[in-house]
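Heads up: the structure comes next, in structure tokens.
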Number of protein chains: 2
Amino acid sequence: MTTLHLPLDRSSGVAIHRQIYDGLRRAILDGVLRPGQRIPSTRTLAAELAVSRLPVLTAYEQLLHECYLEGRAGSGTFVSAALPDDLLQSKTTARPERIGHPPPPVLDEGGLGPFRMSLPALDQFPHAAWSRLVARHAQALPLAQMAYGDPAGVAALRMAIAEHLRAARGVRCEAEQVLIVSGSQAALRLAAAVLLAHGDRVAMEEPGYPGARDALGTGGAEILPVPVDEEGIDVAALQRHGEQVRAVYVTPSHQYPLGMSMTAARRLALLDWAFRHDAWVLEDDYDSEYRYVSRPLGALQGMDAHERVVYIGTFSKVMFPALRIGYLVVPPALWQRFVEARLALDLFSPTLYQLALAEFLREGHFARHLRRMRGVYLKRRDALLAGLERHCGDTLTVHNADAGLHVAVLLAAGIDDIATVQRMRTIGLVATALSTCYAGDDRRSGLLLGFGGSDETRLLAATKRLGEMLRNPA
Amino acid sequence: MTTLHLPLDRSSGVAIHRQIYDGLRRAILDGVLRPGQRIPSTRTLAAELAVSRLPVLTAYEQLLHECYLEGRAGSGTFVSAALPDDLLQSKTTARPERIGHPPPPVLDEGGLGPFRMSLPALDQFPHAAWSRLVARHAQALPLAQMAYGDPAGVAALRMAIAEHLRAARGVRCEAEQVLIVSGSQAALRLAAAVLLAHGDRVAMEEPGYPGARDALGTGGAEILPVPVDEEGIDVAALQRHGEQVRAVYVTPSHQYPLGMSMTAARRLALLDWAFRHDAWVLEDDYDSEYRYVSRPLGALQGMDAHERVVYIGTFSKVMFPALRIGYLVVPPALWQRFVEARLALDLFSPTLYQLALAEFLREGHFARHLRRMRGVYLKRRDALLAGLERHCGDTLTVHNADAGLHVAVLLAAGIDDIATVQRMRTIGLVATALSTCYAGDDRRSGLLLGFGGSDETRLLAATKRLGEMLRNPA
């Protein structure tokens, strides 16, 4: 391990984390730090530089995300062994500019920052069991599994998912209805291609998931925002839109972003509306597995006697996002059209991860992992709530924290959440502004704080920083 | 190894390969054949049943494709060790109905049948080197690589692709322009989302690639078929469509399906047309790496001084289809819109295969594999041409066999190619009908015969069967 020469200039106006990032990156590009070389821990470097640990963490995270560094569980942080020569010679990194979508979560600093939405506890994932399965399948991949695959997915995975959904979520389905796609975004895009023509109207919860808005609107459908209240989407308001609504997008188990779950009465009213209007319900069950106040609720799909629900799920939160496996449960009447649209979209999903995941489910690793993560996330949520109460109680109000991997909080009147999120970025906190989830102009100002990806210590420290920031006007 | 009891009924009207398939499947489902158990070679079983080897091969291929069986290189065929219990208890297989797209190649018998389009020589793939890389990355995947990734792809892979394209294809590009997607179908779909609004007009080669028609037309764009001649797309005919054409889809290196390459004069005329009309050229360079009559031609993109070309490539043919990695080279002016559309489509591609592929390129495995495969495919092409001449010379004419992984042949007047392809299926031959590649009514009748996925012996045997079939009217 080297002592690094990283001269910091506190009067330069350049943020400390940025100076550390630039210095480390320069040292790697100039060959001062060699591929595979271990670098100091964040604690050690912070002490050496006489700065707090946070800017060092922020810089390390960005360099990890950009693959200059790699972390090895339990043994520290290293300059990437596999740094390509090109990278070492290039003057600029190959990343595109920051992009304008807040919640489809990408390209933020480090990708693993505190409060990052939709991020599971990657540090708690059973890496050894999983990578053993992947390696085994990679080494014994039959030729037929290297060729063009079934657009619906690998049969063994579809069966394992159907079984899981029947048992754990009360979904009424057979493997024949399960369509494997590359995540819930692709699932929504596919549903839009099948169900919505140019000019059709599709209703969405207001506020709602912006990624769904992007996907459902791409083909030229008109998005109708329909308000949610404490029981879920307002079906009476939906009714008032009349006959022209082809589909409605909902998150009944854990409303995105506000967090409540849809009541049974509201579910029945919604299904009745869909049946009477020949409309489709897109149920996005994105993180229903984690519920802290009562037993997990069954899926809306399981209550539907008329096969009007297209059910969407993802392994991004219960496994890890880079797996890129999600699925739909498609009513039999729509199956053929979904398969054809899937072919036009991208043919089929890579088979290796499908085979490994099927075995992961079948061998019980998945059920064990889910059980264990409920405890992990409960502790993380409680730490976040305790930290918010202790450090931020005077500046924000917790709205709902019953389920999932994020907590929605409301900011005091007059505080702009987008500006707040931008300020948070400068101190390494990666939240999402509640107002970005609204399609209309009547927006509440608040923060969506993910707690899945950070342990209790980090969450407590992050709430402390947040509280300090909120008490000091910009 | 067991001697199988497979009673065949030659008077039943059920094809022999189907009876063998049903018998084996039954034996597996009933537990007569156990998971992991070795089954007789196709040669042995054919001898036992006193049938030719072809129906046995066909049945095995289907069972391999459906994961009832698994092949292990060099050691035979086995009942899948990982057969899920559900499959063993289920009455029906979990496959959806056969679907109606001929060329996006899916769900045909076995997936590996002779003449199958777009199939590379999977038996010649360097499995050991590849699976070692995959296993290594699976075991050492950094946490940041398990989270949400860059929508443009892993930086190391983008750099390796840019370098390969500059050197091998004369593409003018930087890594910053390379966008990783899940294959050329997804690339086309993305290009359509960015470049084509509802009602816009997009020109396509006639005949052309039906998968492109599906992708480009999804958002409501109007497809204009523009005829090809021996020099490529007829730019004068394109001109006559006037100002309203937003984009044109072409396959300059190896026209799909007819096989010629676009002349330099035609390329310049096309680029000039695009520049003058502010239109975009979608260049699909799907199998340009293999050319048998002269050196590979550079990409159209490399001749373009005005950045009007969106270049599309795929690893499906040079690696293997189930990898699901393709890419676009995007003009800088369009980059931001492509990244946003990529997010709305499916966020990003799984990272594991991207990391392994980057290293496969960087370490030189890819270049070696390409070089070796040129020889392999040349032999396979020559075997196919020899077989066609010997066995089918009186019933069809070879149109073009200069490049790529398929040969286009024309059928004699009055012979319906779709009916021919259907008859071929019944004897285990998986060709594509040329007429399905036309959007208009003026169609030539012919066959597209893939030779990448079958060795010389199999190709010769297949042409013999084809000749016999063609000489015997249905």
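As shown in the structure tokens, the chain order sets the letters A, B, ...; within each chain, residues go from 1, and ligands are also counted from 1 in the order they appear.
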
Q.
Considering only helix (DSSP H, G or I) as DSSP defines it on the backbone, what residues of range 72-268 of chain B qualify? List them as a ChimeraX atom specification.
A. /B:85-89,122-124,127-139,143-145,155-169,175-177,184-195,210-217,235-239,242-244,264-268

Could I get the residues of chain A with an atom no further than 6 Å from an atom of chain B, each paired with its nearest atom pair and that distance in Å to one decimal, using only C-alpha atoms, sorted by chain and residue number, as JSON lines?
{"residue": "A:His65", "atom": "CA", "partner": "B:Ala144", "partner_atom": "CA", "distance": 5.5}
{"residue": "A:Glu70", "atom": "CA", "partner": "B:Pro142", "partner_atom": "CA", "distance": 6.0}
{"residue": "A:Gly71", "atom": "CA", "partner": "B:Pro142", "partner_atom": "CA", "distance": 5.7}
{"residue": "A:Ala94", "atom": "CA", "partner": "B:Glu176", "partner_atom": "CA", "distance": 5.1}
{"residue": "A:Val106", "atom": "CA", "partner": "B:Tyr148", "partner_atom": "CA", "distance": 5.9}
{"residue": "A:Ser131", "atom": "CA", "partner": "B:Gln139", "partner_atom": "CA", "distance": 5.2}
{"residue": "A:Ala135", "atom": "CA", "partner": "B:Ala135", "partner_atom": "CA", "distance": 4.4}
{"residue": "A:Ala138", "atom": "CA", "partner": "B:Ser131", "partner_atom": "CA", "distance": 5.3}
{"residue": "A:Gln139", "atom": "CA", "partner": "B:Ser131", "partner_atom": "CA", "distance": 5.3}
{"residue": "A:Pro142", "atom": "CA", "partner": "B:Gly71", "partner_atom": "CA", "distance": 5.6}
{"residue": "A:Ala144", "atom": "CA", "partner": "B:His65", "partner_atom": "CA", "distance": 5.4}
{"residue": "A:Met146", "atom": "CA", "partner": "B:Ala322", "partner_atom": "CA", "distance": 4.8}
{"residue": "A:Ala147", "atom": "CA", "partner": "B:Pro321", "partner_atom": "CA", "distance": 5.1}
{"residue": "A:Tyr148", "atom": "CA", "partner": "B:Pro321", "partner_atom": "CA", "distance": 5.5}
{"residue": "A:Ala155", "atom": "CA", "partner": "B:Ala94", "partner_atom": "CA", "distance": 6.0}
{"residue": "A:Glu176", "atom": "CA", "partner": "B:Ala94", "partner_atom": "CA", "distance": 5.1}
{"residue": "A:Gln185", "atom": "CA", "partner": "B:Asp346", "partner_atom": "CA", "distance": 5.0}
{"residue": "A:Ala186", "atom": "CA", "partner": "B:Asp346", "partner_atom": "CA", "distance": 4.6}
{"residue": "A:Asp214", "atom": "CA", "partner": "B:Ala344", "partner_atom": "CA", "distance": 5.5}
{"residue": "A:Ala215", "atom": "CA", "partner": "B:Ala344", "partner_atom": "CA", "distance": 5.3}
{"residue": "A:Gly219", "atom": "CA", "partner": "B:Gly219", "partner_atom": "CA", "distance": 5.3}
{"residue": "A:Phe320", "atom": "CA", "partner": "B:Met146", "partner_atom": "CA", "distance": 5.9}
{"residue": "A:Pro321", "atom": "CA", "partner": "B:Ala147", "partner_atom": "CA", "distance": 5.1}
{"residue": "A:Ala322", "atom": "CA", "partner": "B:Met146", "partner_atom": "CA", "distance": 4.8}
{"residue": "A:Leu323", "atom": "CA", "partner": "B:Pro350", "partner_atom": "CA", "distance": 5.5}
{"residue": "A:Arg324", "atom": "CA", "partner": "B:Pro350", "partner_atom": "CA", "distance": 5.5}
{"residue": "A:Ala344", "atom": "CA", "partner": "B:Ala215", "partner_atom": "CA", "distance": 5.3}
{"residue": "A:Leu345", "atom": "CA", "partner": "B:Ala186", "partner_atom": "CA", "distance": 5.7}
{"residue": "A:Asp346", "atom": "CA", "partner": "B:Ala186", "partner_atom": "CA", "distance": 4.7}
{"residue": "A:Pro350", "atom": "CA", "partner": "B:Ala322", "partner_atom": "CA", "distance": 5.0}
{"residue": "A:Thr351", "atom": "CA", "partner": "B:Ala322", "partner_atom": "CA", "distance": 5.9}

Nearby residues (only C-alpha atoms) at most 12 Å from Arg201 in chain B, same-chain spacing under 4 positions excluded, as a compact mmCIF listing (two decimals) with N, CA and C atoms, in the first residue's frame:
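Produced file selection22.txt, reproduced below:
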# COMPACT_ATOMS: atom_id res chain seq x y z
N ALA B 192 -36.06 3.09 -33.94
CA ALA B 192 -37.42 3.48 -34.31
C ALA B 192 -37.99 4.44 -33.28
N LEU B 195 -36.08 7.86 -33.86
CA LEU B 195 -36.08 8.55 -35.15
C LEU B 195 -37.45 8.65 -35.79
N LEU B 196 -38.39 7.77 -35.42
CA LEU B 196 -39.64 7.71 -36.17
C LEU B 196 -40.83 8.04 -35.28
N ALA B 197 -41.60 9.02 -35.69
CA ALA B 197 -42.85 9.32 -35.00
C ALA B 197 -43.99 8.58 -35.71
N LEU B 216 -39.38 -1.54 -36.88
CA LEU B 216 -39.51 -0.15 -37.34
C LEU B 216 -40.96 0.28 -37.43
N GLY B 217 -41.84 -0.68 -37.64
CA GLY B 217 -43.25 -0.34 -37.78
C GLY B 217 -44.02 -0.26 -36.47
N GLY B 219 -44.05 1.56 -33.81
CA GLY B 219 -44.54 2.85 -33.29
C GLY B 219 -45.50 3.55 -34.24
N GLY B 220 -45.91 2.88 -35.28
CA GLY B 220 -46.87 3.49 -36.19
C GLY B 220 -46.24 4.18 -37.39
N ALA B 221 -44.96 3.89 -37.66
CA ALA B 221 -44.34 4.44 -38.88
C ALA B 221 -44.81 3.64 -40.09
N GLU B 222 -44.85 4.33 -41.23
CA GLU B 222 -45.25 3.66 -42.46
C GLU B 222 -44.00 3.12 -43.15
N ILE B 223 -44.04 1.84 -43.53
CA ILE B 223 -42.89 1.22 -44.18
C ILE B 223 -43.02 1.36 -45.70
N LEU B 224 -41.99 1.91 -46.33
CA LEU B 224 -41.96 2.01 -47.79
C LEU B 224 -41.01 0.99 -48.36
N PRO B 225 -41.49 -0.01 -49.06
CA PRO B 225 -40.56 -0.97 -49.67
C PRO B 225 -39.90 -0.34 -50.90
N VAL B 226 -38.58 -0.39 -50.95
CA VAL B 226 -37.82 0.15 -52.09
C VAL B 226 -37.01 -1.00 -52.68
N LEU B 238 -35.82 5.42 -54.36
CA LEU B 238 -35.95 6.07 -53.05
C LEU B 238 -36.22 7.56 -53.23
N HIS B 241 -39.71 8.85 -53.78
CA HIS B 241 -40.66 8.96 -52.66
C HIS B 241 -40.69 10.36 -52.07
N GLY B 242 -39.78 11.22 -52.55
CA GLY B 242 -39.86 12.62 -52.15
C GLY B 242 -39.25 12.92 -50.79
N GLU B 243 -39.75 13.99 -50.20
CA GLU B 243 -39.12 14.59 -49.03
C GLU B 243 -39.48 13.89 -47.73
N GLN B 244 -40.50 13.06 -47.78
CA GLN B 244 -41.11 12.65 -46.51
C GLN B 244 -40.45 11.46 -45.83
N VAL B 245 -39.38 10.94 -46.41
CA VAL B 245 -38.79 9.72 -45.83
C VAL B 245 -37.80 10.11 -44.73
N ARG B 246 -38.06 9.68 -43.52
CA ARG B 246 -37.23 10.06 -42.37
C ARG B 246 -35.98 9.22 -42.26
N ALA B 247 -36.07 7.96 -42.71
CA ALA B 247 -34.95 7.05 -42.51
C ALA B 247 -35.05 5.91 -43.51
N VAL B 248 -33.91 5.25 -43.73
CA VAL B 248 -33.89 4.07 -44.60
C VAL B 248 -33.08 2.98 -43.92
N TYR B 249 -33.59 1.76 -43.99
CA TYR B 249 -32.91 0.62 -43.39
C TYR B 249 -32.23 -0.18 -44.49
N ALA B 279 -32.19 12.86 -43.76
CA ALA B 279 -32.73 11.56 -43.36
C ALA B 279 -31.63 10.75 -42.69
N TRP B 280 -32.02 9.69 -42.01
CA TRP B 280 -31.07 8.81 -41.32
C TRP B 280 -30.95 7.49 -42.06

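The space between CA of Ala269 in chain B and CA of Arg443 in chain B spans 25.9 Å.
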
Q: Once DSSP has gone over the backbone, tell me which residues of range 257-463 of chain B are in strand (DSSP E), as JSON, numbers by chain.
A: {"B": [280, 281, 282, 283, 284, 309, 310, 311, 312, 313, 314, 326, 327, 328, 329, 396, 397, 398, 399, 400, 406, 407, 408, 409, 410, 411, 432, 433, 446, 447, 448, 449, 450]}

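Here CA of Leu361 in chain A is placed at a distance of 17.2 Å from CA of Leu328 in chain A.
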
Q | Selection near Ala15 in chain A, 12 Å with only C-alpha atoms, sequence-local residues under 4 positions removed, as a list in words | A |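 With the cut-off at 12 Å, the set is Leu8, Asp9, Arg10, Ser11, Gln19, Ile20, Tyr21, Asp22, Val51, Leu54, Pro55, Val56, Thr58, Ala59, Arg425, Thr426, Ile427 and Gly428 of chain A.
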
Write the residues you've just listed into a file as a PDB file, in the first residue's frame, and include C-alpha atoms for each of them.
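So result26.pdb came out as:
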ATOM      1  CA  LEU A   8      -6.300  19.281  -1.596  1.00  0.00           C
ATOM      2  CA  ASP A   9      -7.078  22.926  -2.171  1.00  0.00           C
ATOM      3  CA  ARG A  10      -9.819  24.077   0.196  1.00  0.00           C
ATOM      4  CA  SER A  11     -10.003  27.516  -1.360  1.00  0.00           C
ATOM      5  CA  GLN A  19     -10.669  16.748  -5.729  1.00  0.00           C
ATOM      6  CA  ILE A  20     -10.147  13.302  -4.210  1.00  0.00           C
ATOM      7  CA  TYR A  21     -11.846  11.663  -7.179  1.00  0.00           C
ATOM      8  CA  ASP A  22      -9.722  13.618  -9.659  1.00  0.00           C
ATOM      9  CA  VAL A  51     -11.088  15.370   5.989  1.00  0.00           C
ATOM     10  CA  LEU A  54     -17.818  11.169   3.518  1.00  0.00           C
ATOM     11  CA  PRO A  55     -16.031  12.897   0.621  1.00  0.00           C
ATOM     12  CA  VAL A  56     -13.612   9.972   0.485  1.00  0.00           C
ATOM     13  CA  THR A  58     -18.171   9.563  -2.389  1.00  0.00           C
ATOM     14  CA  ALA A  59     -15.002   9.612  -4.480  1.00  0.00           C
ATOM     15  CA  ARG A 425     -25.961  15.290  -4.183  1.00  0.00           C
ATOM     16  CA  THR A 426     -23.163  17.676  -3.291  1.00  0.00           C
ATOM     17  CA  ILE A 427     -22.760  15.907   0.060  1.00  0.00           C
ATOM     18  CA  GLY A 428     -23.043  12.432  -1.436  1.00  0.00           C
TER      19      GLY A 428
END
